[in-house]
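Printed here is run-v2.txt (compact mmCIF, C-alpha atoms):
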# COMPACT_ATOMS: atom_id res chain seq x y z
CA MET T 1 103.87 -38.94 92.20
CA LYS T 2 105.93 -36.46 94.18
CA THR T 3 108.96 -38.76 93.97
CA ILE T 4 108.70 -38.97 90.17
CA LYS T 5 108.54 -35.16 89.83
CA THR T 6 111.56 -34.76 92.07
CA LEU T 7 113.47 -37.38 90.12
CA LEU T 8 112.62 -35.72 86.78
CA LEU T 9 113.69 -32.34 88.16
CA MET T 10 117.04 -33.79 89.29
CA VAL T 11 117.62 -35.39 85.86
CA ALA T 12 116.79 -32.10 84.09
CA ILE T 13 119.19 -30.14 86.30
CA THR T 14 121.93 -32.71 85.77
CA PHE T 15 121.61 -32.62 81.98
CA SER T 16 121.45 -28.82 81.84
CA THR T 17 124.57 -28.58 84.00
CA VAL T 18 126.45 -30.95 81.71
CA LEU T 19 125.39 -29.02 78.62
CA PHE T 20 126.47 -25.65 80.01
CA ALA T 21 129.72 -26.95 81.49
CA GLY T 22 131.35 -27.37 78.07
CA ASN T 23 134.24 -25.07 77.24
CA ALA T 24 133.76 -22.34 74.67
CA PRO T 25 135.67 -23.09 71.49
CA LYS T 26 138.93 -21.21 71.18
CA THR T 27 139.17 -18.95 68.19
CA GLU T 28 142.79 -18.00 68.66
CA ASP T 29 145.43 -19.60 66.49
CA PRO T 30 148.67 -19.98 68.48
CA SER T 31 150.71 -20.43 65.31
CA SER T 32 149.66 -17.02 63.96
CA LEU T 33 150.71 -15.34 67.21
CA THR T 34 154.02 -17.22 67.13
CA LYS T 35 154.61 -16.10 63.54
CA GLU T 36 153.90 -12.47 64.41
CA ILE T 37 156.27 -12.54 67.38
CA SER T 38 159.02 -14.15 65.30
CA GLU T 39 158.57 -11.45 62.63
CA LEU T 40 158.89 -8.74 65.26
CA LEU T 41 162.12 -10.27 66.58
CA LYS T 42 163.84 -10.64 63.21
CA ASN T 43 167.01 -8.77 62.31
CA ALA T 44 168.86 -8.59 65.58
CA ARG T 45 171.60 -6.01 65.14
CA PHE T 46 174.12 -7.58 67.50
CA GLU T 47 176.33 -10.65 67.42
CA VAL T 48 176.29 -13.43 70.00
CA GLU T 49 179.13 -15.81 70.76
CA GLN T 50 176.77 -18.70 71.51
CA ASP T 51 173.06 -19.52 71.27
CA VAL T 52 170.99 -17.44 73.71
CA GLU T 53 167.63 -18.41 75.16
CA ALA T 54 165.02 -16.40 77.02
CA ILE T 55 161.64 -17.06 78.60
CA VAL T 56 159.36 -14.11 77.91
CA THR T 57 156.09 -13.57 79.78
CA ILE T 58 153.67 -11.35 77.90
CA THR T 59 150.09 -10.20 78.05
CA PHE T 60 147.96 -7.98 75.84
CA ASN T 61 146.26 -4.68 76.53
CA LYS T 62 142.85 -3.62 75.24
CA TYR T 63 144.44 -2.26 72.04
CA ASP T 64 145.85 -5.71 71.11
CA GLU T 65 149.37 -4.55 71.90
CA ILE T 66 151.96 -6.81 73.49
CA VAL T 67 152.97 -5.88 77.02
CA VAL T 68 156.20 -7.56 78.13
CA LEU T 69 155.92 -8.55 81.79
CA SER T 70 159.28 -10.26 82.21
CA VAL T 71 162.26 -11.56 80.27
CA GLU T 72 164.30 -14.28 81.94
CA THR T 73 167.77 -14.49 80.38
CA GLU T 74 171.37 -14.02 81.42
CA ASN T 75 172.23 -11.82 78.42
CA ALA T 76 171.29 -8.19 79.18
CA GLN T 77 171.67 -7.12 75.54
CA PHE T 78 169.25 -9.84 74.42
CA LYS T 79 166.81 -8.87 77.18
CA ASN T 80 166.81 -5.22 76.07
CA PHE T 81 166.39 -6.26 72.43
CA ILE T 82 163.30 -8.35 73.23
CA GLN T 83 161.75 -5.62 75.38
CA ASP T 84 162.39 -2.93 72.76
CA LYS T 85 161.01 -4.98 69.88
CA LEU T 86 157.96 -6.51 71.57
CA ASN T 87 156.72 -4.00 74.12
CA TYR T 88 153.60 -2.20 72.83
CA SER T 89 153.84 -3.76 69.37
CA LYS T 90 150.44 -4.27 67.76
CA VAL T 91 149.39 -7.79 66.77
CA SER T 92 146.61 -8.84 64.46
CA ALA T 93 146.16 -12.37 65.88
CA VAL T 94 142.73 -13.10 67.33
CA LEU T 95 142.94 -13.24 71.11
CA VAL T 96 140.37 -15.08 73.20
CA ASN T 97 141.20 -13.45 76.51
CA GLU T 98 143.39 -10.37 76.67
CA SER T 99 143.99 -10.68 80.41
CA GLU T 100 145.81 -14.02 80.13
CA HIS T 101 149.57 -14.28 80.48
CA TYR T 102 151.49 -16.06 77.76
CA ILE T 103 154.92 -17.63 78.19
CA VAL T 104 156.98 -17.53 75.02
CA PRO T 105 160.37 -19.23 74.71
CA VAL T 106 162.73 -17.24 72.47
CA LYS T 107 166.03 -18.48 71.10
CA LEU T 108 168.69 -16.52 69.23
CA ILE T 109 170.97 -18.82 67.25
CA LYS T 110 174.57 -17.94 66.49
CA LYS T 111 175.25 -17.71 62.77
Turn this file's structure into structure tokens for me.
Amino acid sequence: MKTIKTLLLMVAITFSTVLFAGNAPKTEDPSSLTKEISELLKNARFEVEQDVEAIVTITFNKYDEIVVLSVETENAQFKNFIQDKLNYSKVSAVLVNESEHYIVPVKLIKK
């Protein structure tokens, strides 16, 4: 009898662990955040001789504002443009976890 109770307890613990181990559904929509960032970076007021790329690492503060952590690019003018446009800009996208870091590739195409 004691063995059966122990076995049932182990099965109950196993099933409860599996049920609680599931990930919470994400409510954030990455495409809406991407659209907002692309809107913020529109209308660059400088010309480039060739396409310029940058890897931007951002996070969000408690006021849902973008905080630029780093901009990896060789073009200093493009780096300053990204930092000026994005840093402390408010976004309306739903964020699951504000303390996460996001890596956003940005490309400026020569016209």
What's the separation between atom CA of T:Ile58 and atom CA of T:Arg45, in Å to one decimal place? 22.6 Å
Atom CA of T:Ser32 to atom CA of T:Thr73, distance in Å rounded to a single decimal: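 Result for atom CA of T:Ser32 versus atom CA of T:Thr73: 24.6 Å, one decimal.
Put simply, atom CA of T:Lys35 is 15.2 Å away from atom CA of T:Glu65.
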Could you name the residues that touch T:Leu69 at 10 Å or less, counting only C-alpha atoms, but leaving out those on the same chain fewer than 3 positions away, as an mmCIF file with C-alpha atoms, keeping the file's coordinate frame?
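Printed below is around22.cif as written:
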data_model
loop_
_atom_site.group_PDB
_atom_site.id
_atom_site.type_symbol
_atom_site.label_atom_id
_atom_site.label_comp_id
_atom_site.auth_asym_id
_atom_site.auth_seq_id
_atom_site.Cartn_x
_atom_site.Cartn_y
_atom_site.Cartn_z
ATOM 1 C CA VAL T 56 159.360 -14.110 77.910
ATOM 2 C CA THR T 57 156.090 -13.570 79.780
ATOM 3 C CA ILE T 58 153.670 -11.350 77.900
ATOM 4 C CA THR T 59 150.090 -10.200 78.050
ATOM 5 C CA PHE T 60 147.960 -7.980 75.840
ATOM 6 C CA ILE T 66 151.960 -6.810 73.490
ATOM 7 C CA GLN T 83 161.750 -5.620 75.380
ATOM 8 C CA ASN T 87 156.720 -4.000 74.120
ATOM 9 C CA HIS T 101 149.570 -14.280 80.480
ATOM 10 C CA TYR T 102 151.490 -16.060 77.760
ATOM 11 C CA ILE T 103 154.920 -17.630 78.190
#
Hey, what's within 12 Å of T:Glu72 if we count only C-alpha atoms and toss same-chain stuff fewer than 6 positions away? As a PyMOL selection string, please? chain T and resi 52-58+78-80+82-83+103-107
Nearby residues (only C-alpha atoms) at most 10 Å from T:Glu49, same-chain spacing under 3 positions excluded, as a PyMOL selection string: chain T and resi 52+109-111
Give the answer as one residue: which of T:Ser31, T:Leu108, T:Ala93, T:Lys42 has the shortest atom-to-atom distance to T:Gln77, using all atoms listed in the file?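 Smallest distance to T:Gln77 is found for T:Leu108.
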Of the residues T:Glu36, T:Glu100, T:Glu47, T:Glu74, which is the one nearest to T:Lys62, using all atoms listed in the file?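 Among T:Glu36, T:Glu100, T:Glu47, T:Glu74, it is T:Glu100 that comes nearest to T:Lys62.
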